[in-house]
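Engineer: File name data.cif; file contents mmCIF, C-alpha atoms; full text below.
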```
data_input
#
loop_
_atom_site.label_atom_id
_atom_site.label_comp_id
_atom_site.auth_asym_id
_atom_site.auth_seq_id
_atom_site.Cartn_x
_atom_site.Cartn_y
_atom_site.Cartn_z
CA MET D 950 0.00 0.00 0.00
CA LEU D 951 1.27 3.44 -0.87
CA ASP D 952 1.51 6.13 1.75
CA ASP D 953 1.37 9.86 1.05
CA LEU D 954 5.16 10.15 0.65
CA ASP D 955 5.20 7.27 -1.84
CA SER D 956 2.44 8.94 -3.88
CA ARG D 957 4.29 12.25 -3.85
CA LEU D 958 7.54 10.54 -4.83
CA LEU D 959 5.80 8.83 -7.76
CA SER D 960 4.39 12.17 -8.88
CA GLU D 961 7.81 13.81 -8.70
CA VAL D 962 9.62 11.10 -10.69
CA GLN D 963 6.88 11.11 -13.33
CA ARG D 964 7.46 14.84 -13.78
CA ASN D 965 11.24 14.45 -13.84
CA ALA D 966 12.79 10.98 -13.74
CA MET D 967 16.28 12.51 -13.60
CA LEU D 968 15.88 13.90 -10.09
CA THR D 969 18.78 12.95 -7.88
CA ALA D 970 18.10 11.47 -4.46
CA GLN D 971 19.17 14.83 -3.00
CA GLU D 972 16.67 16.77 -5.14
CA LEU D 973 13.93 14.24 -4.47
CA GLY D 974 14.62 14.41 -0.74
CA GLU D 975 14.39 18.21 -0.78
CA ARG D 976 11.00 18.06 -2.53
CA LEU D 977 9.67 15.44 -0.09
CA ASN D 978 11.33 16.87 3.03
CA LEU D 979 13.40 13.70 3.46
CA SER D 980 17.11 13.01 3.56
CA ALA D 981 18.69 12.00 0.28
CA SER D 982 19.25 8.46 1.58
CA GLN D 983 15.61 8.11 2.69
CA ALA D 984 14.36 9.35 -0.68
CA GLY D 985 16.75 7.06 -2.52
CA ARG D 986 15.67 4.03 -0.50
CA ARG D 987 12.00 4.81 -1.09
CA ARG D 988 12.58 5.12 -4.84
CA GLN D 989 14.51 1.82 -4.87
CA ARG D 990 11.71 0.09 -2.94
CA LEU D 991 9.07 1.41 -5.37
CA GLU D 992 11.20 0.18 -8.27
CA ALA D 993 11.67 -3.25 -6.66
CA GLU D 994 7.93 -3.56 -5.92
CA GLY D 995 7.07 -2.76 -9.54
CA TYR D 996 5.43 0.64 -9.04
CA ILE D 997 8.17 2.20 -11.18
CA THR D 998 8.66 0.03 -14.24
CA GLY D 999 11.30 2.06 -16.09
CA TYR D 1000 12.51 5.46 -17.16
CA THR D 1001 12.32 7.06 -20.61
CA ALA D 1002 12.97 10.37 -22.29
CA ARG D 1003 10.22 12.16 -24.20
CA LEU D 1004 11.43 13.33 -27.59
CA ASN D 1005 10.15 16.15 -29.76
CA PRO D 1006 8.58 14.32 -32.75
CA ASP D 1007 9.16 17.23 -35.16
CA LEU D 1008 12.86 17.40 -34.35
CA VAL D 1009 13.34 13.67 -34.96
CA GLY D 1010 11.47 13.81 -38.28
CA LEU D 1011 8.06 12.45 -37.28
CA THR D 1012 5.25 14.62 -38.62
CA VAL D 1013 2.24 12.27 -38.70
CA GLN D 1014 0.64 10.78 -35.62
CA ALA D 1015 -2.33 8.48 -36.14
CA PHE D 1016 -4.52 5.93 -34.47
CA VAL D 1017 -5.22 2.78 -36.46
CA GLN D 1018 -8.12 0.53 -35.58
CA ILE D 1019 -7.69 -3.10 -36.60
CA GLN D 1020 -10.36 -5.74 -37.04
CA VAL D 1021 -9.20 -9.31 -37.29
CA ALA D 1022 -10.77 -12.04 -39.38
CA SER D 1023 -10.26 -14.65 -36.68
CA HIS D 1024 -9.20 -14.76 -33.06
CA ALA D 1025 -7.33 -18.03 -33.55
CA PRO D 1026 -4.37 -18.13 -31.12
CA ASP D 1027 -1.72 -18.55 -33.84
CA GLY D 1028 -3.00 -15.54 -35.78
CA VAL D 1029 -3.25 -13.37 -32.68
CA ARG D 1030 0.30 -14.30 -31.63
CA SER D 1031 1.61 -13.63 -35.12
CA PHE D 1032 -0.11 -10.23 -35.25
CA ALA D 1033 1.17 -9.31 -31.77
CA ASN D 1034 4.68 -10.28 -32.88
CA LEU D 1035 4.38 -8.07 -35.97
CA ILE D 1036 3.21 -5.12 -33.85
CA SER D 1037 6.05 -5.56 -31.35
CA GLN D 1038 8.64 -5.37 -34.13
CA ARG D 1039 7.42 -2.14 -35.75
CA PRO D 1040 9.09 0.94 -34.19
CA GLU D 1041 6.50 3.31 -35.66
CA ILE D 1042 3.79 1.59 -33.58
CA ILE D 1043 4.44 3.12 -30.18
CA SER D 1044 1.53 1.55 -28.29
CA ALA D 1045 -1.22 -0.97 -28.87
CA TRP D 1046 -4.35 -2.02 -27.04
CA THR D 1047 -6.91 -4.80 -27.36
CA LEU D 1048 -10.44 -3.43 -27.26
CA THR D 1049 -14.06 -4.33 -26.81
CA GLY D 1050 -16.47 -3.15 -29.48
CA GLU D 1051 -16.12 -2.98 -33.25
CA ALA D 1052 -12.31 -2.79 -33.44
CA ASP D 1053 -10.18 -5.54 -31.97
CA TYR D 1054 -6.99 -3.48 -31.64
CA LEU D 1055 -6.07 0.18 -31.45
CA LEU D 1056 -2.57 1.17 -32.53
CA ARG D 1057 -0.92 4.53 -31.91
CA VAL D 1058 1.63 5.27 -34.60
CA TRP D 1059 4.15 7.96 -35.53
CA CYS D 1060 5.39 8.19 -39.12
CA ALA D 1061 7.68 10.55 -40.97
CA ASP D 1062 4.93 11.48 -43.42
CA LEU D 1063 1.64 10.38 -44.99
CA ALA D 1064 3.48 8.07 -47.37
CA GLY D 1065 4.98 6.29 -44.35
CA LEU D 1066 1.54 5.87 -42.77
CA ASN D 1067 0.13 4.62 -46.07
CA SER D 1068 2.95 2.09 -46.37
CA LEU D 1069 2.49 0.89 -42.79
CA ILE D 1070 -1.20 0.27 -43.36
CA HIS D 1071 -1.12 -1.12 -46.93
CA ASP D 1072 2.25 -2.90 -47.00
CA VAL D 1073 2.52 -4.15 -43.42
CA LEU D 1074 -0.81 -4.34 -41.56
CA LEU D 1075 -3.40 -5.23 -44.20
CA PRO D 1076 -1.34 -8.05 -45.78
CA HIS D 1077 -1.16 -9.86 -42.44
CA PRO D 1078 -3.44 -12.92 -42.64
CA ALA D 1079 -5.17 -12.14 -39.33
CA VAL D 1080 -6.20 -8.61 -40.38
CA SER D 1081 -9.51 -8.09 -42.13
CA ARG D 1082 -9.80 -4.29 -41.87
CA ALA D 1083 -7.76 -1.24 -40.87
CA GLN D 1084 -9.17 2.22 -40.27
CA SER D 1085 -6.95 5.17 -39.48
CA GLN D 1086 -7.53 8.55 -37.88
CA ILE D 1087 -4.79 11.11 -38.38
CA VAL D 1088 -4.15 13.37 -35.39
CA MET D 1089 -4.55 17.01 -36.39
CA ASP D 1090 -3.40 18.42 -33.05
CA GLN D 1091 -2.61 17.00 -29.63
CA PHE D 1092 -3.76 19.76 -27.31
CA LYS D 1093 -3.05 17.74 -24.15
CA PRO D 1094 0.32 16.00 -24.29
CA ASP D 1095 0.91 12.60 -22.74
CA THR D 1096 1.14 13.10 -19.04
CA ALA D 1097 1.79 11.33 -15.76
CA LEU D 1098 -0.60 8.83 -14.21
CA PRO D 1099 -2.64 10.19 -11.31
CA THR D 1100 -1.18 9.15 -7.96
#
```
Just dump the structure as structure tokens.

Structural biologist:
Amino acid sequence: MLDDLDSRLLSEVQRNAMLTAQELGERLNLSASQAGRRRQRLEAEGYITGYTARLNPDLVGLTVQAFVQIQVASHAPDGVRSFANLISQRPEIISAWTLTGEADYLLRVWCADLAGLNSLIHDVLLPHPAVSRAQSQIVMDQFKPDTALPT
């Protein structure tokens, strides 16, 4: 169970994962060693699963963000595993979810341009034997950037 200090620590590291134990301690009114031990415990218990850097898509040449809904022809285990393997190997697919409702999967993708998105859909996704339909929505603007989980 998380106490108030754990929740505050999780909020702080979500805002800035590069905080030193000293900086984290100052923000939580703890010693650096106490803050460091708490962070290590939360990592060991699986509350903190990793650290990443957020990149500016424009500066790394990614201009098209889209969501692609996938319907599969069959939910046979071999086809589902094969499709999941394909998704895991494509760097332009940054996240994927299984869904209830009309679509079976929702993919979030970043591509260099519309031609890249077109190629991903028509040359990679649709030819897969498990896929029966793909529908994309191109993001025009992301007015709320990805953010931290509530703690």

Engineer: Could you write out as a list in words the residues that the PyMOL selection byres ((chain D and resi 1042) around 7) matches in the shown file?

Structural biologist: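 With the PyMOL selection byres ((chain D and resi 1042) around 7) on this model, the match is Ile1036, Arg1039, Pro1040, Glu1041, Ile1043, Ser1044, Leu1056, Arg1057, Val1058 and Trp1059 of chain D.
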
Engineer: Let's have the selection written as an mmCIF file, keeping the file's coordinate frame, with C-alpha atoms.

Structural biologist:
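What ended up in again.cif:
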```
data_model
loop_
_atom_site.group_PDB
_atom_site.id
_atom_site.type_symbol
_atom_site.label_atom_id
_atom_site.label_comp_id
_atom_site.auth_asym_id
_atom_site.auth_seq_id
_atom_site.Cartn_x
_atom_site.Cartn_y
_atom_site.Cartn_z
ATOM 1 C CA ILE D 1036 3.210 -5.120 -33.850
ATOM 2 C CA ARG D 1039 7.420 -2.140 -35.750
ATOM 3 C CA PRO D 1040 9.090 0.940 -34.190
ATOM 4 C CA GLU D 1041 6.500 3.310 -35.660
ATOM 5 C CA ILE D 1043 4.440 3.120 -30.180
ATOM 6 C CA SER D 1044 1.530 1.550 -28.290
ATOM 7 C CA LEU D 1056 -2.570 1.170 -32.530
ATOM 8 C CA ARG D 1057 -0.920 4.530 -31.910
ATOM 9 C CA VAL D 1058 1.630 5.270 -34.600
ATOM 10 C CA TRP D 1059 4.150 7.960 -35.530
#
```

Engineer: One decimal, Å: what's the distance from atom CA of D:Arg964 over to atom CA of D:Arg988, could you say?

Structural biologist: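 Answer for the atom CA of D:Arg964 to atom CA of D:Arg988 separation: 14.2 Å.
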
Engineer: Which residues of stretch 1052-1071 of chain D sit at most 12 Å from stretch 1030-1034 of chain D, using only C-alpha atoms? Give each one's shortest atom pair and distance in Å (one decimal place), in chain and ascending residue order, as CSV.

Structural biologist:
```
residue,atom,partner,partner_atom,distance
D:Asp1053,CA,D:Phe1032,CA,11.6
D:Tyr1054,CA,D:Ala1033,CA,10.0
D:Leu1055,CA,D:Ala1033,CA,11.9
D:Leu1056,CA,D:Ala1033,CA,11.2
```

Engineer: Find the residues around D:Gln1091 up to 12 Å (only C-alpha atoms counted), leave out those fewer than 4 positions away in its own chain, and share them as a list of chain:residue names.

Structural biologist: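 Skipping anything fewer than 4 positions along the chain leaves D:Pro1006, D:Val1013, D:Gln1014, D:Ala1015, D:Ile1087, D:Asp1095, D:Thr1096.
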
Engineer: Can you tell me, as a VMD selection string, which residues sit within 12 Å of (2.1, 10.7, -17.3) in the file's frame, using all atoms listed in the file?

Structural biologist: chain D and resid 959 to 966 1000 to 1003 1093 to 1100

Engineer: Between D:Asp1027, D:Glu992, D:Thr998, D:Leu954, which is the closest to D:Leu977 once you count all atoms listed in the file?

Structural biologist: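 With all atoms listed in the file as the atom set, the closest residue is D:Leu954.
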
Engineer: Starting from the shown file, work through the PyMOL selection byres ((chain D and resi 1071-1081) around 10) and note down what comes out as a PyMOL selection string.

Structural biologist: chain D and resi 1017+1019-1025+1027-1032+1035-1036+1039+1053+1065-1070+1082-1083

Engineer: Can you work out the spacing between atom CA of D:Leu973 and atom CA of D:Met950 in Å, to one decimal?

Structural biologist: 20.4 Å

Engineer: Just so the selection is clear, what residues does the PyMOL selection byres ((chain D and resi 979-984) around 12) cover here, as a tab-separated table (two decimals) with C-alpha atoms, in the coordinates of the input?

Structural biologist:
```
chain	number	residue	atom	x	y	z
D	954	LEU	CA	5.16	10.15	0.65
D	955	ASP	CA	5.20	7.27	-1.84
D	957	ARG	CA	4.29	12.25	-3.85
D	958	LEU	CA	7.54	10.54	-4.83
D	959	LEU	CA	5.80	8.83	-7.76
D	961	GLU	CA	7.81	13.81	-8.70
D	962	VAL	CA	9.62	11.10	-10.69
D	968	LEU	CA	15.88	13.90	-10.09
D	969	THR	CA	18.78	12.95	-7.88
D	970	ALA	CA	18.10	11.47	-4.46
D	971	GLN	CA	19.17	14.83	-3.00
D	972	GLU	CA	16.67	16.77	-5.14
D	973	LEU	CA	13.93	14.24	-4.47
D	974	GLY	CA	14.62	14.41	-0.74
D	975	GLU	CA	14.39	18.21	-0.78
D	976	ARG	CA	11.00	18.06	-2.53
D	977	LEU	CA	9.67	15.44	-0.09
D	978	ASN	CA	11.33	16.87	3.03
D	985	GLY	CA	16.75	7.06	-2.52
D	986	ARG	CA	15.67	4.03	-0.50
D	987	ARG	CA	12.00	4.81	-1.09
D	988	ARG	CA	12.58	5.12	-4.84
D	989	GLN	CA	14.51	1.82	-4.87
D	990	ARG	CA	11.71	0.09	-2.94
D	991	LEU	CA	9.07	1.41	-5.37
```

Engineer: Just give me the gap between atom CA of D:Ala1052 and atom CA of D:Pro1026 in Å, one decimal is fine.

Structural biologist: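 Atom CA of D:Pro1026 lies 17.4 Å from atom CA of D:Ala1052.
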
Engineer: Taking only C-alpha atoms into account, name the residue in D:Trp1046, D:Ser956, D:Ala1064, D:Met967 that is nearest to D:Phe1016.

Structural biologist: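 Looking only at the distances to D:Phe1016, the closest residue turns out to be D:Trp1046.
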